[in-house]
Structure formats: structure tokens, C-alpha cells
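Right, one structure below, let's go through it.
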Amino acid sequence: MFASTKHKLVEKSQALPGRTTPITVSPRHLVLGHPMQPPFPPGLEQIELGLGCFWGAERLFWQMDGVYTTAVGYGGGFTVNPAYQEVCSGLTAHAELVLVVFDPAITSLDAVLQTFWQAHDPTQGMRQGNDSGTQYRSAIYADSEAQLAAVQASAGRYQQALQQAGLGTITTEMRRAGPFYYAEDYHQQYLAKNPDGYCGLRGTGVTCPNAS
């Protein structure tokens with residue numbers, strides 16, 4: 001069963017149950033110094049992004065101007081408060097995600113999405129480069145219907161750019177966000193703690209057009 005679920009999303013009836021106790025994380029972001037958990041200051045927006053291994057992905061977004069905080073975690077599946085090993089088993093249906101909380105007065109959702117599209121290959125299905133399995137799928141979980149509409153429009157623009165470059169069809173999962181489960185504390189800001197650690201980000205080299 002383990003092998004069969006690595007590249008196919010598990011059904012809810014087969015998913016691991018998880019646990020009632022959430023994983024404990026540090027109260028503040030190691031690099032930005034802001035809280036990683038809500039409530040966040042008024043006026044900020046948030047979105048959950050999956051683009052492969054979350055270590056390098058989180059660093060990409062905490063380096064952006066206007067990003068208030070980031071955190072890594074799991075979402076899009078069924079298991080409640082999953083452990084990393086459970087997510088890796090393919091028996092949770094969760095993706096590795098980065099929670100990005102940003103100030104729209106400084107940076108736009110469009111800029112966040114441009115960074116997302118250009119940092120990975122969203123045409124690869126249940127993998128990202130050498131990282132293979134459902135947890136590494138490309139995913140965007142939006143915080144509102146308006147945000148989801150903007151996500152879908154951005155995907156449409158990028159799909160056209162990919163086709164012009166002779167590349168494939170976007171497989172990114174795009175829907176409203178469900179529960180976000182924080183990953184273990186050692187995963188949070190992993191590449192700030194381990195500067196020589198693994199980063200699997202590989203883009204297509206294709207630029208995502210701005211919103212008109």
C-alpha cells in the first residue's frame with residue numbers, strides 16, 4: 001500500500017487519522033521576527049503555496065519585500081495534525097506547503113504568484129524534480145474566492161507562456177484553503193538554520209506575465 005500511494009492521492013477512507021494535539025512551533029519567525037501563527041495584523045493577506053520541498057520554497061518567500069511572515073506545513077489532505085513521516089508515506093493526501101502572509105500595500109498577490117510559478121515546474125504532477133510523491137505536487141490554496149479567481153487568471157497567463165515555450169500543461173491544484181497544519185519546528189526556516197541544506201527548487205526558465 002505504501003508504494004501504491006506515493007504517486008496517487010489516497011482516499012479519505014484510507015488516510016491516516018492523525019492526532020488531536022497540534023505540533024508546537026516557535027512563536028516567532030527566525031529571520032523576520034514576526035509571529036508565525038495567527039492572529040496576524042489587520043490588512044495583511046495570506047495564501048498557501050506548494051512547490052515541492054518546502055525548505056527552499058519558504059526561503060524564497062521570506063526574502064520577498066512585503067512578506068510579513070512565512071511558515072511551512074501540510075495541507076490539502078485528510079490527516080489531522082500529521083507528522084512529517086506520515087506525510088512522506090503518501091497516506092495523508094497532504095502537500096508540503098508554505099504559508100505566505102504579505103502586506104498588499106508593499107507587494108501584490110500577482111508578485112507572489114509570479115514568484116511561485118517561476119520557481120518550480122508546475123507541469124510535473126506528483127513530483128518536483130527528483131522529489132517524487134504526492135506531497136511534492138504543485139498546489140495553491142487560496143484564502144478567498146476573489147483570491148482564487150486571481151490565482152486562476154495567473155495560471156491562465158502562465159499556461160500560455162509555457163505553451164509558447166513548448167512546455168506542458170499545468171497540473172497545479174488550485175482551490176480554497178482548508179486546515180493548515182504546521183510542520184515540526186526543525187522544518188521551520190530550515191535553510192536559515194542549515195545554510196548548506198537541500199534546496200530542490202528548479203524553475204522552467206519561463207517568465208510569468210503580469211496581470212494587465
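As shown in the C-alpha cells, the chain order sets the letters A, B, ...; within each chain, residues go from 1, and ligands are also counted from 1 in the order they appear.
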Just the residues within 8 Å of Arg202 in chain A, please, counting only C-alpha atoms, with nothing from its chain fewer than 2 positions along; format it as a PDB file with C-alpha atoms, in the first residue's frame.
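Listing of out_8.pdb after writing:
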```pdb
ATOM      1  CA  ALA A 119      10.434  28.990  -9.007  1.00  0.00           C
ATOM      2  CA  HIS A 120       9.280  25.496  -9.966  1.00  0.00           C
ATOM      3  CA  ASP A 121       7.880  23.410 -12.809  1.00  0.00           C
ATOM      4  CA  GLY A 129      12.435  17.202  -9.977  1.00  0.00           C
ATOM      5  CA  GLY A 200      15.360  21.402  -4.795  1.00  0.00           C
ATOM      6  CA  THR A 204      11.292  26.274 -16.146  1.00  0.00           C
TER       7      THR A 204
END
```
Legend entry - Residues near Gly43 in chain A, cut-off 9 Å, only C-alpha atoms, skip fewer than 3 positions along chain, as JSON, numbers by chain: {"A": [40, 103, 104, 105]}
Save the residues we just selected, C-alpha atoms, as a PDB file, in the first residue's frame?
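Once written, out.pdb looks like this:
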```
ATOM      1  CA  PHE A  40      -1.912  38.487  12.108  1.00  0.00           C
ATOM      2  CA  ASP A 103       1.241  43.197   3.024  1.00  0.00           C
ATOM      3  CA  PRO A 104      -0.644  44.098  -0.181  1.00  0.00           C
ATOM      4  CA  ALA A 105       0.377  47.735   0.299  1.00  0.00           C
TER       5      ALA A 105
END
```
Inset, instruction - Go through A:Gln124, A:Ser138, A:Gln147, A:Gln159 and flag the residue nearest Asp110 in chain A, using only C-alpha atoms for the distances. - result: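 Using only C-alpha atoms, the shortest distance to Asp110 in chain A belongs to A:Gln147.
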Inset, instruction - May I ask which of the residues A:Gln135, A:Thr123, A:Gln37, A:Gln164 is the closest one to Val101 in chain A, counting only C-alpha atoms? - result: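 That would be A:Gln37, the residue with the smallest distance to Val101 in chain A.
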Legend entry - DSSP-assigned strand (DSSP E or B) members of range 18-161 of chain A, reported as an MDAnalysis selection string: chainID A and resid 18 28 35 45:51 67:75 80 95:102 127:128 131:132 138:142
Inset, instruction - Name the closest residue to Gln114 in chain A among the candidates A:Cys208, A:Ala83, A:Ala15, A:Ile47; distances are taken between atoms, counting only C-alpha atoms. - result: A:Cys208
Legend entry - Val80 in chain A environment, 9 Å, only C-alpha atoms, sequence neighbours closer than 4 positions dropped, as a ChimeraX atom specification: /A:16-22,92,179,181
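Counting only C-alpha atoms, the residue from A:Pro122, A:Gly66, A:Gly90, A:Pro39 that sits nearest to Lys12 in chain A is A:Gly90.
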Inset, instruction - Give me the residues within 12 Å of Thr69 in chain A as a PyMOL selection string, counting only C-alpha atoms and dropping any in the same chain fewer than 3 places off. - result: chain A and resi 27-41+44-47+58-66+72+98-103+188-189
Contacts between range 48-55 of chain A and range 103-170 of chain A, please, where a residue of range 103-170 of chain A counts if it comes within 6 Å (with only C-alpha atoms); show its shortest atom pair and distance in Å to one decimal, rows by chain and ascending number, as a Markdown table.
```
| residue | atom | partner | partner_atom | distance |
| --- | --- | --- | --- | --- |
| A:Gln128 | CA | A:Gly52 | CA | 5.3 |
| A:Tyr136 | CA | A:Gly52 | CA | 4.2 |
| A:Ser138 | CA | A:Leu51 | CA | 4.9 |
| A:Ala139 | CA | A:Gly50 | CA | 4.6 |
| A:Ile140 | CA | A:Leu49 | CA | 4.8 |
| A:Tyr141 | CA | A:Glu48 | CA | 5.1 |
```
Inset, instruction - Tell me which of A:Cys199, A:Val151, A:Val206, A:Ala183 sits closest to Leu109 in chain A, counting only C-alpha atoms. - result: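 Of A:Cys199, A:Val151, A:Val206, A:Ala183, the one nearest Leu109 in chain A is A:Val151, counting only C-alpha atoms.
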Inset, instruction - Find the residues near Met126 in chain A: any atom within 7 Å, counting only C-alpha atoms, skip ones fewer than 3 places away on the same chain, and give them as JSON, numbers by chain. - result: {"A": [7, 132, 133, 134, 136, 137]}
Legend entry - DSSP-assigned helix (DSSP H, G or I) among range 48-188 of chain A, expressed as a count of residues only: 51
